[in-house]
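Data block for query25.cif (mmCIF, C-alpha atoms and all ligand atoms):
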```cif
data_upload
loop_
_atom_site.group_PDB
_atom_site.id
_atom_site.type_symbol
_atom_site.label_atom_id
_atom_site.label_comp_id
_atom_site.auth_asym_id
_atom_site.auth_seq_id
_atom_site.Cartn_x
_atom_site.Cartn_y
_atom_site.Cartn_z
ATOM 1 C CA MET A 1 70.149 85.119 -45.479
ATOM 2 C CA LEU A 2 68.677 84.031 -42.146
ATOM 3 C CA THR A 3 65.000 83.102 -42.345
ATOM 4 C CA ILE A 4 62.887 82.670 -39.221
ATOM 5 C CA LYS A 5 59.357 81.345 -39.538
ATOM 6 C CA ALA A 6 56.539 81.120 -37.009
ATOM 7 C CA LEU A 7 58.848 80.793 -34.010
ATOM 8 C CA ASN A 8 57.152 80.283 -30.633
ATOM 9 C CA LYS A 9 58.510 79.741 -27.173
ATOM 10 C CA THR A 10 56.774 79.561 -23.810
ATOM 11 C CA TYR A 11 58.951 78.906 -20.765
ATOM 12 C CA ALA A 12 57.960 76.436 -18.056
ATOM 13 C CA ASN A 13 56.865 79.344 -15.840
ATOM 14 C CA GLY A 14 54.241 80.336 -18.433
ATOM 15 C CA VAL A 15 56.082 83.365 -19.885
ATOM 16 C CA GLN A 16 55.536 83.466 -23.638
ATOM 17 C CA ALA A 17 58.883 84.824 -24.762
ATOM 18 C CA LEU A 18 58.377 84.443 -28.548
ATOM 19 C CA LYS A 19 55.032 84.813 -30.309
ATOM 20 C CA ASP A 20 54.916 83.791 -33.937
ATOM 21 C CA VAL A 21 58.183 85.486 -34.877
ATOM 22 C CA ASN A 22 58.792 85.773 -38.640
ATOM 23 C CA LEU A 23 61.902 87.559 -39.909
ATOM 24 C CA GLU A 24 64.171 87.648 -42.944
ATOM 25 C CA ILE A 25 67.643 88.873 -42.122
ATOM 26 C CA PRO A 26 70.049 89.668 -44.953
ATOM 27 C CA THR A 27 73.789 90.338 -44.902
ATOM 28 C CA GLY A 28 74.622 93.483 -42.963
ATOM 29 C CA LEU A 29 74.109 94.801 -39.475
ATOM 30 C CA TYR A 30 70.608 93.914 -38.301
ATOM 31 C CA GLY A 31 69.238 95.613 -35.189
ATOM 32 C CA LEU A 32 66.880 93.816 -32.846
ATOM 33 C CA LEU A 33 65.419 96.590 -30.726
ATOM 34 C CA GLY A 34 63.232 96.115 -27.676
ATOM 35 C CA PRO A 35 62.916 96.876 -23.976
ATOM 36 C CA ASN A 36 64.262 94.532 -21.317
ATOM 37 C CA GLY A 37 62.282 91.313 -21.235
ATOM 38 C CA ALA A 38 61.100 91.682 -24.860
ATOM 39 C CA GLY A 39 62.454 88.291 -25.889
ATOM 40 C CA LYS A 40 65.633 89.391 -27.677
ATOM 41 C CA SER A 41 67.925 86.983 -25.841
ATOM 42 C CA SER A 42 65.412 84.171 -26.196
ATOM 43 C CA LEU A 43 65.374 84.700 -29.957
ATOM 44 C CA MET A 44 69.148 84.938 -30.220
ATOM 45 C CA ARG A 45 69.778 81.894 -28.044
ATOM 46 C CA THR A 46 67.312 79.951 -30.173
ATOM 47 C CA ILE A 47 69.065 80.946 -33.403
ATOM 48 C CA ALA A 48 72.415 80.108 -31.782
ATOM 49 C CA THR A 49 71.028 76.586 -31.048
ATOM 50 C CA LEU A 50 71.412 77.048 -27.283
ATOM 51 C CA GLN A 51 67.721 76.442 -26.690
ATOM 52 C CA GLU A 52 64.808 74.856 -28.527
ATOM 53 C CA PRO A 53 61.686 76.681 -29.682
ATOM 54 C CA ASP A 54 58.278 75.042 -29.131
ATOM 55 C CA SER A 55 57.525 75.399 -32.831
ATOM 56 C CA GLY A 56 58.742 77.174 -35.946
ATOM 57 C CA SER A 57 61.762 76.956 -38.216
ATOM 58 C CA ILE A 58 65.095 78.694 -38.782
ATOM 59 C CA HIS A 59 67.078 78.434 -42.004
ATOM 60 C CA PHE A 60 70.498 79.888 -42.691
ATOM 61 C CA ASP A 61 72.315 79.564 -46.006
ATOM 62 C CA GLY A 62 70.663 76.290 -46.873
ATOM 63 C CA ILE A 63 70.950 74.880 -43.339
ATOM 64 C CA ASP A 64 67.771 73.794 -41.581
ATOM 65 C CA VAL A 65 68.932 74.809 -38.112
ATOM 66 C CA MET A 66 66.612 72.545 -36.091
ATOM 67 C CA GLN A 67 67.762 69.536 -38.096
ATOM 68 C CA ASP A 68 71.433 70.413 -38.331
ATOM 69 C CA LYS A 69 72.569 72.276 -35.218
ATOM 70 C CA GLU A 70 76.215 71.369 -35.796
ATOM 71 C CA GLY A 71 76.009 72.802 -39.307
ATOM 72 C CA LEU A 72 74.800 76.114 -37.929
ATOM 73 C CA ARG A 73 77.386 76.147 -35.131
ATOM 74 C CA ARG A 74 80.199 75.857 -37.667
ATOM 75 C CA GLN A 75 78.981 79.113 -39.261
ATOM 76 C CA LEU A 76 78.237 80.921 -36.011
ATOM 77 C CA GLY A 77 80.043 83.529 -33.942
ATOM 78 C CA TYR A 78 78.230 84.383 -30.742
ATOM 79 C CA LEU A 79 78.796 87.021 -28.092
ATOM 80 C CA PRO A 80 76.409 86.357 -25.196
ATOM 81 C CA GLN A 81 75.121 89.083 -22.919
ATOM 82 C CA ASP A 82 77.068 87.804 -19.932
ATOM 83 C CA PHE A 83 80.370 87.063 -21.601
ATOM 84 C CA GLY A 84 82.877 86.337 -18.846
ATOM 85 C CA VAL A 85 86.657 86.242 -19.250
ATOM 86 C CA TYR A 86 89.466 84.818 -17.172
ATOM 87 C CA PRO A 87 90.846 87.957 -15.480
ATOM 88 C CA LYS A 88 94.384 86.636 -14.960
ATOM 89 C CA VAL A 89 95.015 85.577 -18.550
ATOM 90 C CA SER A 90 96.271 87.873 -21.298
ATOM 91 C CA ALA A 91 94.055 88.710 -24.286
ATOM 92 C CA GLU A 92 96.441 86.991 -26.670
ATOM 93 C CA ASP A 93 96.670 83.788 -24.634
ATOM 94 C CA LEU A 94 92.924 83.465 -24.146
ATOM 95 C CA LEU A 95 92.151 84.180 -27.797
ATOM 96 C CA ASN A 96 94.745 81.593 -28.765
ATOM 97 C CA HIS A 97 93.076 79.122 -26.408
ATOM 98 C CA PHE A 98 89.627 79.819 -27.899
ATOM 99 C CA ALA A 99 91.147 79.364 -31.351
ATOM 100 C CA VAL A 100 92.322 75.864 -30.410
ATOM 101 C CA LEU A 101 88.823 75.055 -29.147
ATOM 102 C CA LYS A 102 87.391 76.384 -32.386
ATOM 103 C CA GLY A 103 89.459 73.837 -34.269
ATOM 104 C CA LEU A 104 92.303 76.019 -35.505
ATOM 105 C CA THR A 105 94.862 73.330 -34.729
ATOM 106 C CA ARG A 106 97.610 74.335 -37.144
ATOM 107 C CA ARG A 107 99.950 76.675 -35.308
ATOM 108 C CA ALA A 108 100.844 79.085 -38.103
ATOM 109 C CA GLU A 109 97.251 79.434 -39.225
ATOM 110 C CA ARG A 110 96.117 80.010 -35.651
ATOM 111 C CA LYS A 111 98.788 82.629 -35.014
ATOM 112 C CA GLU A 112 97.741 84.520 -38.107
ATOM 113 C CA ALA A 113 94.045 84.388 -37.168
ATOM 114 C CA VAL A 114 94.704 85.551 -33.598
ATOM 115 C CA GLU A 115 96.945 88.393 -34.711
ATOM 116 C CA GLY A 116 94.483 89.483 -37.384
ATOM 117 C CA LEU A 117 91.593 89.595 -34.938
ATOM 118 C CA LEU A 118 93.566 91.436 -32.252
ATOM 119 C CA ARG A 119 94.446 94.051 -34.838
ATOM 120 C CA GLN A 120 90.931 94.249 -36.257
ATOM 121 C CA THR A 121 89.458 94.854 -32.795
ATOM 122 C CA ASN A 122 92.190 97.352 -31.976
ATOM 123 C CA LEU A 123 93.569 95.251 -29.124
ATOM 124 C CA TRP A 124 96.976 94.526 -30.589
ATOM 125 C CA ASP A 125 98.805 96.938 -28.298
ATOM 126 C CA ALA A 126 96.934 95.520 -25.290
ATOM 127 C CA ARG A 127 97.440 91.865 -26.233
ATOM 128 C CA LYS A 128 99.858 91.126 -23.374
ATOM 129 C CA LEU A 129 97.656 92.724 -20.729
ATOM 130 C CA LYS A 130 95.568 90.612 -18.390
ATOM 131 C CA LEU A 131 91.883 90.691 -19.278
ATOM 132 C CA GLY A 132 91.046 91.728 -15.712
ATOM 133 C CA THR A 133 92.648 95.112 -16.425
ATOM 134 C CA PHE A 134 90.521 95.737 -19.544
ATOM 135 C CA SER A 135 87.828 98.436 -19.651
ATOM 136 C CA GLY A 136 84.257 97.425 -20.490
ATOM 137 C CA GLY A 137 84.728 98.461 -24.104
ATOM 138 C CA MET A 138 87.981 96.534 -24.472
ATOM 139 C CA ARG A 139 86.320 93.469 -22.992
ATOM 140 C CA GLN A 140 83.481 93.704 -25.503
ATOM 141 C CA ARG A 141 85.946 94.089 -28.359
ATOM 142 C CA PHE A 142 87.708 91.000 -27.067
ATOM 143 C CA GLY A 143 84.301 89.294 -27.045
ATOM 144 C CA ILE A 144 83.902 90.153 -30.723
ATOM 145 C CA ALA A 145 87.399 88.897 -31.502
ATOM 146 C CA GLN A 146 86.548 85.484 -30.024
ATOM 147 C CA ALA A 147 83.187 85.471 -31.835
ATOM 148 C CA LEU A 148 84.961 86.034 -35.165
ATOM 149 C CA LEU A 149 87.338 83.089 -34.815
ATOM 150 C CA GLY A 150 86.863 80.638 -37.646
ATOM 151 C CA ALA A 151 85.392 83.312 -39.966
ATOM 152 C CA PRO A 152 81.689 82.818 -39.132
ATOM 153 C CA LYS A 153 79.008 83.803 -41.650
ATOM 154 C CA LEU A 154 76.491 84.560 -38.928
ATOM 155 C CA VAL A 155 77.481 86.739 -35.980
ATOM 156 C CA ILE A 156 75.101 87.230 -33.054
ATOM 157 C CA VAL A 157 75.817 89.836 -30.384
ATOM 158 C CA ASP A 158 73.457 90.170 -27.441
ATOM 159 C CA GLU A 159 73.191 93.668 -25.877
ATOM 160 C CA PRO A 160 76.868 94.430 -26.417
ATOM 161 C CA THR A 161 76.663 98.186 -25.860
ATOM 162 C CA ALA A 162 75.018 98.108 -22.411
ATOM 163 C CA GLY A 163 77.330 99.835 -19.967
ATOM 164 C CA LEU A 164 79.771 101.236 -22.542
ATOM 165 C CA ASP A 165 80.627 104.927 -22.509
ATOM 166 C CA PRO A 166 79.679 106.897 -25.670
ATOM 167 C CA ASP A 167 83.178 106.721 -27.203
ATOM 168 C CA GLU A 168 83.512 102.998 -26.708
ATOM 169 C CA ARG A 169 79.954 102.452 -27.898
ATOM 170 C CA ASN A 170 80.682 104.249 -31.168
ATOM 171 C CA ARG A 171 83.916 102.410 -31.661
ATOM 172 C CA PHE A 172 82.212 99.092 -30.994
ATOM 173 C CA LEU A 173 79.285 99.785 -33.341
ATOM 174 C CA ASN A 174 81.636 100.873 -36.108
ATOM 175 C CA LEU A 175 83.492 97.609 -35.720
ATOM 176 C CA LEU A 176 80.221 95.663 -36.022
ATOM 177 C CA SER A 177 79.223 97.701 -39.036
ATOM 178 C CA GLU A 178 82.517 96.835 -40.767
ATOM 179 C CA ILE A 179 82.027 93.152 -40.027
ATOM 180 C CA GLY A 180 78.493 93.425 -41.408
ATOM 181 C CA GLU A 181 79.835 94.338 -44.831
ATOM 182 C CA GLN A 182 80.415 90.656 -45.458
ATOM 183 C CA VAL A 183 78.298 88.580 -43.106
ATOM 184 C CA VAL A 184 74.987 88.637 -41.245
ATOM 185 C CA VAL A 185 75.472 90.466 -37.950
ATOM 186 C CA MET A 186 72.534 90.433 -35.569
ATOM 187 C CA LEU A 187 72.730 92.959 -32.749
ATOM 188 C CA SER A 188 70.238 93.219 -29.912
ATOM 189 C CA THR A 189 69.848 96.427 -27.971
ATOM 190 C CA HIS A 190 67.409 98.503 -25.956
ATOM 191 C CA ILE A 191 69.193 101.688 -27.089
ATOM 192 C CA VAL A 192 67.401 103.265 -30.044
ATOM 193 C CA GLU A 193 70.459 105.164 -31.306
ATOM 194 C CA ASP A 194 72.375 101.902 -31.698
ATOM 195 C CA VAL A 195 69.970 101.063 -34.505
ATOM 196 C CA THR A 196 69.205 104.448 -36.088
ATOM 197 C CA ASP A 197 72.572 105.275 -37.552
ATOM 198 C CA LEU A 198 74.136 101.939 -38.317
ATOM 199 C CA CYS A 199 71.569 99.256 -39.055
ATOM 200 C CA PRO A 200 70.249 99.169 -42.623
ATOM 201 C CA ARG A 201 67.496 96.880 -41.350
ATOM 202 C CA MET A 202 65.883 96.256 -38.012
ATOM 203 C CA ALA A 203 63.032 94.704 -36.062
ATOM 204 C CA MET A 204 61.254 95.987 -32.992
ATOM 205 C CA ILE A 205 60.191 93.360 -30.527
ATOM 206 C CA VAL A 206 57.980 93.827 -27.460
ATOM 207 C CA LYS A 207 56.706 91.060 -25.188
ATOM 208 C CA GLY A 208 57.773 88.404 -27.671
ATOM 209 C CA GLU A 209 56.041 89.987 -30.661
ATOM 210 C CA VAL A 210 57.671 91.608 -33.670
ATOM 211 C CA LEU A 211 55.809 94.918 -33.970
ATOM 212 C CA LEU A 212 57.739 96.278 -36.917
ATOM 213 C CA HIS A 213 60.546 95.260 -39.232
ATOM 214 C CA GLY A 214 62.330 96.712 -42.223
ATOM 215 C CA GLU A 215 64.413 99.801 -42.852
ATOM 216 C CA PRO A 216 64.579 102.275 -39.947
ATOM 217 C CA GLN A 217 64.023 105.199 -42.328
ATOM 218 C CA ALA A 218 60.831 103.666 -43.748
ATOM 219 C CA ALA A 219 59.461 103.372 -40.217
ATOM 220 C CA ILE A 220 60.408 106.965 -39.473
ATOM 221 C CA ASP A 221 58.771 108.185 -42.703
ATOM 222 C CA MET A 222 55.443 106.746 -41.556
ATOM 223 C CA LEU A 223 55.398 109.418 -38.839
ATOM 224 C CA LYS A 224 56.166 112.305 -41.162
ATOM 225 C CA ASP A 225 54.146 115.448 -40.247
ATOM 226 C CA LYS A 226 52.684 113.618 -37.256
ATOM 227 C CA VAL A 227 55.037 114.425 -34.420
ATOM 228 C CA TRP A 228 54.524 117.636 -32.470
ATOM 229 C CA SER A 229 56.653 119.019 -29.702
ATOM 230 C CA LYS A 230 56.018 121.461 -26.873
ATOM 231 C CA ARG A 231 57.644 122.580 -23.649
ATOM 232 C CA VAL A 232 55.163 122.346 -20.809
ATOM 233 C CA SER A 233 55.294 122.949 -17.085
ATOM 234 C CA LYS A 234 55.806 120.035 -14.747
ATOM 235 C CA THR A 235 52.402 120.594 -13.174
ATOM 236 C CA ALA A 236 50.619 120.586 -16.552
ATOM 237 C CA LEU A 237 52.340 117.396 -17.720
ATOM 238 C CA PRO A 238 49.757 114.892 -16.369
ATOM 239 C CA GLU A 239 46.961 116.772 -18.147
ATOM 240 C CA TYR A 240 48.827 116.636 -21.460
ATOM 241 C CA GLN A 241 49.439 112.959 -20.947
ATOM 242 C CA GLN A 242 45.738 112.452 -20.478
ATOM 243 C CA ARG A 243 44.593 114.562 -23.427
ATOM 244 C CA PHE A 244 47.169 113.636 -26.048
ATOM 245 C CA ASN A 245 49.094 110.663 -27.305
ATOM 246 C CA VAL A 246 52.355 111.632 -25.606
ATOM 247 C CA LEU A 247 55.195 109.572 -27.074
ATOM 248 C CA SER A 248 57.955 110.830 -24.870
ATOM 249 C CA SER A 249 58.797 113.464 -22.370
ATOM 250 C CA ARG A 250 62.318 114.603 -21.621
ATOM 251 C CA LEU A 251 63.666 117.314 -19.426
ATOM 252 C CA VAL A 252 65.257 120.207 -21.283
ATOM 253 C CA ALA A 253 66.928 122.598 -18.850
ATOM 254 C CA GLY A 254 64.760 121.145 -16.113
ATOM 255 C CA GLN A 255 61.461 121.592 -17.970
ATOM 256 C CA PRO A 256 59.526 118.763 -19.649
ATOM 257 C CA GLN A 257 59.489 118.773 -23.431
ATOM 258 C CA ILE A 258 56.908 116.396 -24.829
ATOM 259 C CA ASN A 259 56.532 114.768 -28.223
ATOM 260 C CA VAL A 260 52.941 114.048 -29.222
ATOM 261 C CA HIS A 261 51.595 111.912 -32.057
ATOM 262 C CA ALA A 262 48.740 113.677 -33.873
ATOM 263 C CA ASP A 263 47.504 114.243 -37.435
ATOM 264 C CA SER A 264 47.241 117.998 -36.911
ATOM 265 C CA GLN A 265 48.490 120.573 -34.414
ATOM 266 C CA PRO A 266 47.191 119.316 -31.057
ATOM 267 C CA ASP A 267 47.097 122.643 -29.269
ATOM 268 C CA ASP A 268 48.600 126.133 -29.225
ATOM 269 C CA GLY A 269 52.310 126.149 -28.831
ATOM 270 C CA PHE A 270 53.009 122.756 -30.428
ATOM 271 C CA VAL A 271 55.505 122.823 -33.285
ATOM 272 C CA GLN A 272 55.978 120.098 -35.840
ATOM 273 C CA VAL A 273 59.289 118.241 -35.515
ATOM 274 C CA GLU A 274 61.111 115.722 -37.665
ATOM 275 C CA PRO A 275 60.240 112.271 -36.353
ATOM 276 C CA ASP A 276 63.013 109.914 -35.363
ATOM 277 C CA LEU A 277 63.235 106.231 -34.540
ATOM 278 C CA GLU A 278 62.657 106.914 -30.870
ATOM 279 C CA ASP A 279 59.226 108.375 -31.710
ATOM 280 C CA VAL A 280 58.421 105.230 -33.697
ATOM 281 C CA TYR A 281 59.642 103.064 -30.835
ATOM 282 C CA PHE A 282 57.500 104.777 -28.203
ATOM 283 C CA LEU A 283 54.458 104.860 -30.475
ATOM 284 C CA LYS A 284 54.758 101.121 -31.069
ATOM 285 C CA ILE A 285 55.303 100.328 -27.403
ATOM 286 C CA HIS A 286 52.393 102.513 -26.265
ATOM 287 C CA SER A 287 49.940 101.229 -28.840
ATOM 288 C CA HIS A 288 50.961 97.668 -28.019
ATOM 289 C CA GLN A 289 50.333 98.349 -24.335
ATOM 290 C CA SER A 290 46.911 99.866 -24.988
ATOM 291 C CA ASN A 291 45.964 96.968 -27.285
ATOM 292 C CA MET A 292 46.975 94.558 -24.553
ATOM 293 C CA GLY A 293 44.941 96.642 -22.097
ATOM 294 C CA ALA A 294 41.891 96.473 -24.374
ATOM 295 C CA ALA A 295 42.323 92.731 -24.774
ATOM 296 C CA ALA A 296 42.562 92.126 -21.007
HETATM 297 P P1 LIG A 301 65.387 90.393 -23.480
HETATM 298 O O1 LIG A 301 66.648 89.743 -23.984
HETATM 299 O O2 LIG A 301 64.675 91.171 -24.535
HETATM 300 O O3 LIG A 301 65.615 91.199 -22.234
HETATM 301 P P2 LIG A 301 64.610 87.697 -22.679
HETATM 302 O O4 LIG A 301 64.555 86.846 -23.883
HETATM 303 O O5 LIG A 301 65.796 87.586 -21.784
HETATM 304 O O6 LIG A 301 64.350 89.227 -23.091
HETATM 305 O O7 LIG A 301 63.316 87.402 -21.785
HETATM 306 C C1 LIG A 301 62.002 87.376 -22.343
HETATM 307 C C2 LIG A 301 61.021 86.960 -21.252
HETATM 308 O O8 LIG A 301 61.241 85.585 -20.934
HETATM 309 C C3 LIG A 301 61.188 87.714 -19.951
HETATM 310 O O9 LIG A 301 59.903 87.869 -19.377
HETATM 311 C C4 LIG A 301 62.059 86.798 -19.116
HETATM 312 O O10 LIG A 301 61.813 86.991 -17.748
HETATM 313 C C5 LIG A 301 61.585 85.424 -19.567
HETATM 314 N N1 LIG A 301 62.651 84.396 -19.520
HETATM 315 C C6 LIG A 301 63.860 84.442 -20.137
HETATM 316 N N2 LIG A 301 64.548 83.302 -19.927
HETATM 317 C C7 LIG A 301 63.761 82.517 -19.172
HETATM 318 C C8 LIG A 301 63.901 81.196 -18.610
HETATM 319 N N3 LIG A 301 64.996 80.471 -18.826
HETATM 320 N N4 LIG A 301 62.872 80.718 -17.872
HETATM 321 C C9 LIG A 301 61.760 81.445 -17.660
HETATM 322 N N5 LIG A 301 61.554 82.683 -18.169
HETATM 323 C C10 LIG A 301 62.539 83.217 -18.901
#
```

Using structure tokens, write down the structure that the file contains.
Ligand code: ADP
Amino acid sequence: MLTIKALNKTYANGVQALKDVNLEIPTGLYGLLGPNGAGKSSLMRTIATLQEPDSGSIHFDGIDVMQDKEGLRRQLGYLPQDFGVYPKVSAEDLLNHFAVLKGLTRRAERKEAVEGLLRQTNLWDARKLKLGTFSGGMRQRFGIAQALLGAPKLVIVDEPTAGLDPDERNRFLNLLSEIGEQVVVMLSTHIVEDVTDLCPRMAMIVKGEVLLHGEPQAAIDMLKDKVWSKRVSKTALPEYQQRFNVLSSRLVAGQPQINVHADSQPDDGFVQVEPDLEDVYFLKIHSHQSNMGAAA
């Protein structure tokens, strides 16, 4: 279990990236969902001991992270957002090199670990290829392979699905989900679907604040019978946005279809729809924005 208490961080430029963040993160795949600039990387880098918070505490499996950074690092596998690879080196050679750095000094043990991880990430057949020839998805799977060296108990992956095509994204998320059967895997993303299907637990973070945390389904259930949908004309859209709490608007065959949050049918033509996590996400973001507006 990873326990984060009252974590705060303000950067030198005055941006408050973390505002009193409190989270309990159990074994399994944990989704940290938020728009760009929400503070996801700041939180993950802080947990990974790459930067200091201004205040607050982090505990993992009996380790007080601020007091024992080395202790945490021995348990940690980390895939940063901007994970770069040496393009001219093969996957097998680079993973072997990382394994040496990770302290796997005995040759036989290292060979076994490297082979196991290349197989687990489905890169065995590509192991002799230079990393520069890898697709985005293969590169991310390689990133996970290096993060898993040394059998970490805490795995942190920062926005790993950005830029992957749908097939690769699924494959990658399934891999994370498998890993999460045994260890804590923390995944940050701005893609709602990354969280909906695979994360038993999640947190939504906006402008450094945790707006919601728990099971995705529990959050969705809170909107039961309260999401209404209607196809409207493009010209009428601004009026709807003014009159109703429009959560989202997407084009269906070129025409806007809006989802509205309301206790009862807002207007003729609205039909009730099953809420999903995206509705929750937009509701939280909008109400946060209007609260901030009221406070300003
Ligand atoms: P996310 O990962 O959700 O996109 P970040 O944690 O990267 O969010 O950023 C949160 C906020 O902090 C943003 O407003 C960003 O511009 C700012 N920020 C991030 N890193 C720094 C830094 N090193 N110095 C100053 N501001 C930063």

Result set of the PyMOL selection byres (((chain A and resi 87) around 8) and not hetatm) on the coordinates above, as a PyMOL selection string: chain A and resi 85-86+88-90+130-133

Where is the centre and how long are the edges: axis-aligned box on ligand LIG 301 (chain A), 5 Å on each side, Å to one decimal, as lines of an AutoDock Vina configuration file:
```
center_x = 63.3
center_y = 85.8
center_z = -21.1
size_x = 16.7
size_y = 20.7
size_z = 16.9
```

Gly208 in chain A surroundings by all atoms listed in the file, 6 Å radius, close-in-sequence under 6 positions cut, as a VMD selection string: chain A and resid 17 to 19 38 to 39

Could you give me, as JSON lines, every chain A residue with an atom at most 12 Å from ligand LIG 301 (chain A), plus its closest atom pair and distance in Å to one decimal, counting all atoms listed in the file, rows ordered by chain then number?
```
{"residue": "A:Asn8", "atom": "CA", "partner": "A:LIG301", "partner_atom": "O8", "distance": 11.8}
{"residue": "A:Lys9", "atom": "CA", "partner": "A:LIG301", "partner_atom": "O8", "distance": 9.0}
{"residue": "A:Thr10", "atom": "CA", "partner": "A:LIG301", "partner_atom": "N5", "distance": 8.0}
{"residue": "A:Tyr11", "atom": "CA", "partner": "A:LIG301", "partner_atom": "C9", "distance": 4.9}
{"residue": "A:Ala12", "atom": "CA", "partner": "A:LIG301", "partner_atom": "C9", "distance": 6.3}
{"residue": "A:Asn13", "atom": "CA", "partner": "A:LIG301", "partner_atom": "C9", "distance": 5.6}
{"residue": "A:Gly14", "atom": "CA", "partner": "A:LIG301", "partner_atom": "C9", "distance": 7.6}
{"residue": "A:Val15", "atom": "CA", "partner": "A:LIG301", "partner_atom": "O8", "distance": 5.7}
{"residue": "A:Gln16", "atom": "CA", "partner": "A:LIG301", "partner_atom": "O8", "distance": 6.7}
{"residue": "A:Ala17", "atom": "CA", "partner": "A:LIG301", "partner_atom": "O8", "distance": 4.6}
{"residue": "A:Leu18", "atom": "CA", "partner": "A:LIG301", "partner_atom": "C1", "distance": 7.8}
{"residue": "A:Lys19", "atom": "CA", "partner": "A:LIG301", "partner_atom": "C1", "distance": 10.9}
{"residue": "A:Leu32", "atom": "CA", "partner": "A:LIG301", "partner_atom": "O2", "distance": 9.0}
{"residue": "A:Leu33", "atom": "CA", "partner": "A:LIG301", "partner_atom": "O2", "distance": 8.3}
{"residue": "A:Gly34", "atom": "CA", "partner": "A:LIG301", "partner_atom": "O2", "distance": 6.0}
{"residue": "A:Pro35", "atom": "CA", "partner": "A:LIG301", "partner_atom": "O2", "distance": 6.0}
{"residue": "A:Asn36", "atom": "CA", "partner": "A:LIG301", "partner_atom": "O3", "distance": 3.7}
{"residue": "A:Gly37", "atom": "CA", "partner": "A:LIG301", "partner_atom": "O6", "distance": 3.5}
{"residue": "A:Ala38", "atom": "CA", "partner": "A:LIG301", "partner_atom": "O2", "distance": 3.6}
{"residue": "A:Gly39", "atom": "CA", "partner": "A:LIG301", "partner_atom": "O4", "distance": 3.2}
{"residue": "A:Lys40", "atom": "CA", "partner": "A:LIG301", "partner_atom": "O2", "distance": 3.7}
{"residue": "A:Ser41", "atom": "CA", "partner": "A:LIG301", "partner_atom": "O1", "distance": 3.6}
{"residue": "A:Ser42", "atom": "CA", "partner": "A:LIG301", "partner_atom": "O4", "distance": 3.6}
{"residue": "A:Leu43", "atom": "CA", "partner": "A:LIG301", "partner_atom": "O4", "distance": 6.5}
{"residue": "A:Met44", "atom": "CA", "partner": "A:LIG301", "partner_atom": "O4", "distance": 8.1}
{"residue": "A:Arg45", "atom": "CA", "partner": "A:LIG301", "partner_atom": "O4", "distance": 8.3}
{"residue": "A:Thr46", "atom": "CA", "partner": "A:LIG301", "partner_atom": "O4", "distance": 9.7}
{"residue": "A:Leu50", "atom": "CA", "partner": "A:LIG301", "partner_atom": "N3", "distance": 11.2}
{"residue": "A:Gln51", "atom": "CA", "partner": "A:LIG301", "partner_atom": "N3", "distance": 9.2}
{"residue": "A:Glu52", "atom": "CA", "partner": "A:LIG301", "partner_atom": "N3", "distance": 11.2}
{"residue": "A:Pro53", "atom": "CA", "partner": "A:LIG301", "partner_atom": "N3", "distance": 12.0}
{"residue": "A:Pro80", "atom": "CA", "partner": "A:LIG301", "partner_atom": "O1", "distance": 10.4}
{"residue": "A:Gln81", "atom": "CA", "partner": "A:LIG301", "partner_atom": "O1", "distance": 8.6}
{"residue": "A:Asp82", "atom": "CA", "partner": "A:LIG301", "partner_atom": "O1", "distance": 11.3}
{"residue": "A:Val157", "atom": "CA", "partner": "A:LIG301", "partner_atom": "O1", "distance": 11.2}
{"residue": "A:Asp158", "atom": "CA", "partner": "A:LIG301", "partner_atom": "O1", "distance": 7.6}
{"residue": "A:Glu159", "atom": "CA", "partner": "A:LIG301", "partner_atom": "O1", "distance": 7.9}
{"residue": "A:Pro160", "atom": "CA", "partner": "A:LIG301", "partner_atom": "O1", "distance": 11.5}
{"residue": "A:Ala162", "atom": "CA", "partner": "A:LIG301", "partner_atom": "O3", "distance": 11.7}
{"residue": "A:Leu187", "atom": "CA", "partner": "A:LIG301", "partner_atom": "O1", "distance": 11.1}
{"residue": "A:Ser188", "atom": "CA", "partner": "A:LIG301", "partner_atom": "O1", "distance": 7.8}
{"residue": "A:Thr189", "atom": "CA", "partner": "A:LIG301", "partner_atom": "O2", "distance": 8.1}
{"residue": "A:His190", "atom": "CA", "partner": "A:LIG301", "partner_atom": "O2", "distance": 8.0}
{"residue": "A:Ile191", "atom": "CA", "partner": "A:LIG301", "partner_atom": "O2", "distance": 11.7}
{"residue": "A:Met204", "atom": "CA", "partner": "A:LIG301", "partner_atom": "O2", "distance": 10.3}
{"residue": "A:Ile205", "atom": "CA", "partner": "A:LIG301", "partner_atom": "O2", "distance": 7.8}
{"residue": "A:Val206", "atom": "CA", "partner": "A:LIG301", "partner_atom": "O2", "distance": 7.8}
{"residue": "A:Lys207", "atom": "CA", "partner": "A:LIG301", "partner_atom": "C1", "distance": 7.1}
{"residue": "A:Gly208", "atom": "CA", "partner": "A:LIG301", "partner_atom": "C1", "distance": 6.9}
{"residue": "A:Glu209", "atom": "CA", "partner": "A:LIG301", "partner_atom": "C1", "distance": 10.6}
{"residue": "A:Val210", "atom": "CA", "partner": "A:LIG301", "partner_atom": "O2", "distance": 11.5}
```

Answer key for the PyMOL selection byres (((chain A and resi 164) around 12) and not hetatm), residues as a list in words: Ser135, Gly136, Gly137, Met138, Arg139, Gln140, Arg141, Glu159, Pro160, Thr161, Ala162, Gly163, Asp165, Pro166, Asp167, Glu168, Arg169, Asn170, Arg171, Phe172, Leu173, Ile191 and Asp194 of chain A

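CA of His288 in chain A lies 25.3 Å from CA of Phe270 in chain A.
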
Who sits within 6 Å of Ile156 in chain A, only C-alpha atoms, same chain under 5 positions skipped, as a ChimeraX atom specification: /A:78,185-186

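Across the structure, CA of Lys230 in chain A and CA of Gln217 in chain A are spaced 23.8 Å apart.
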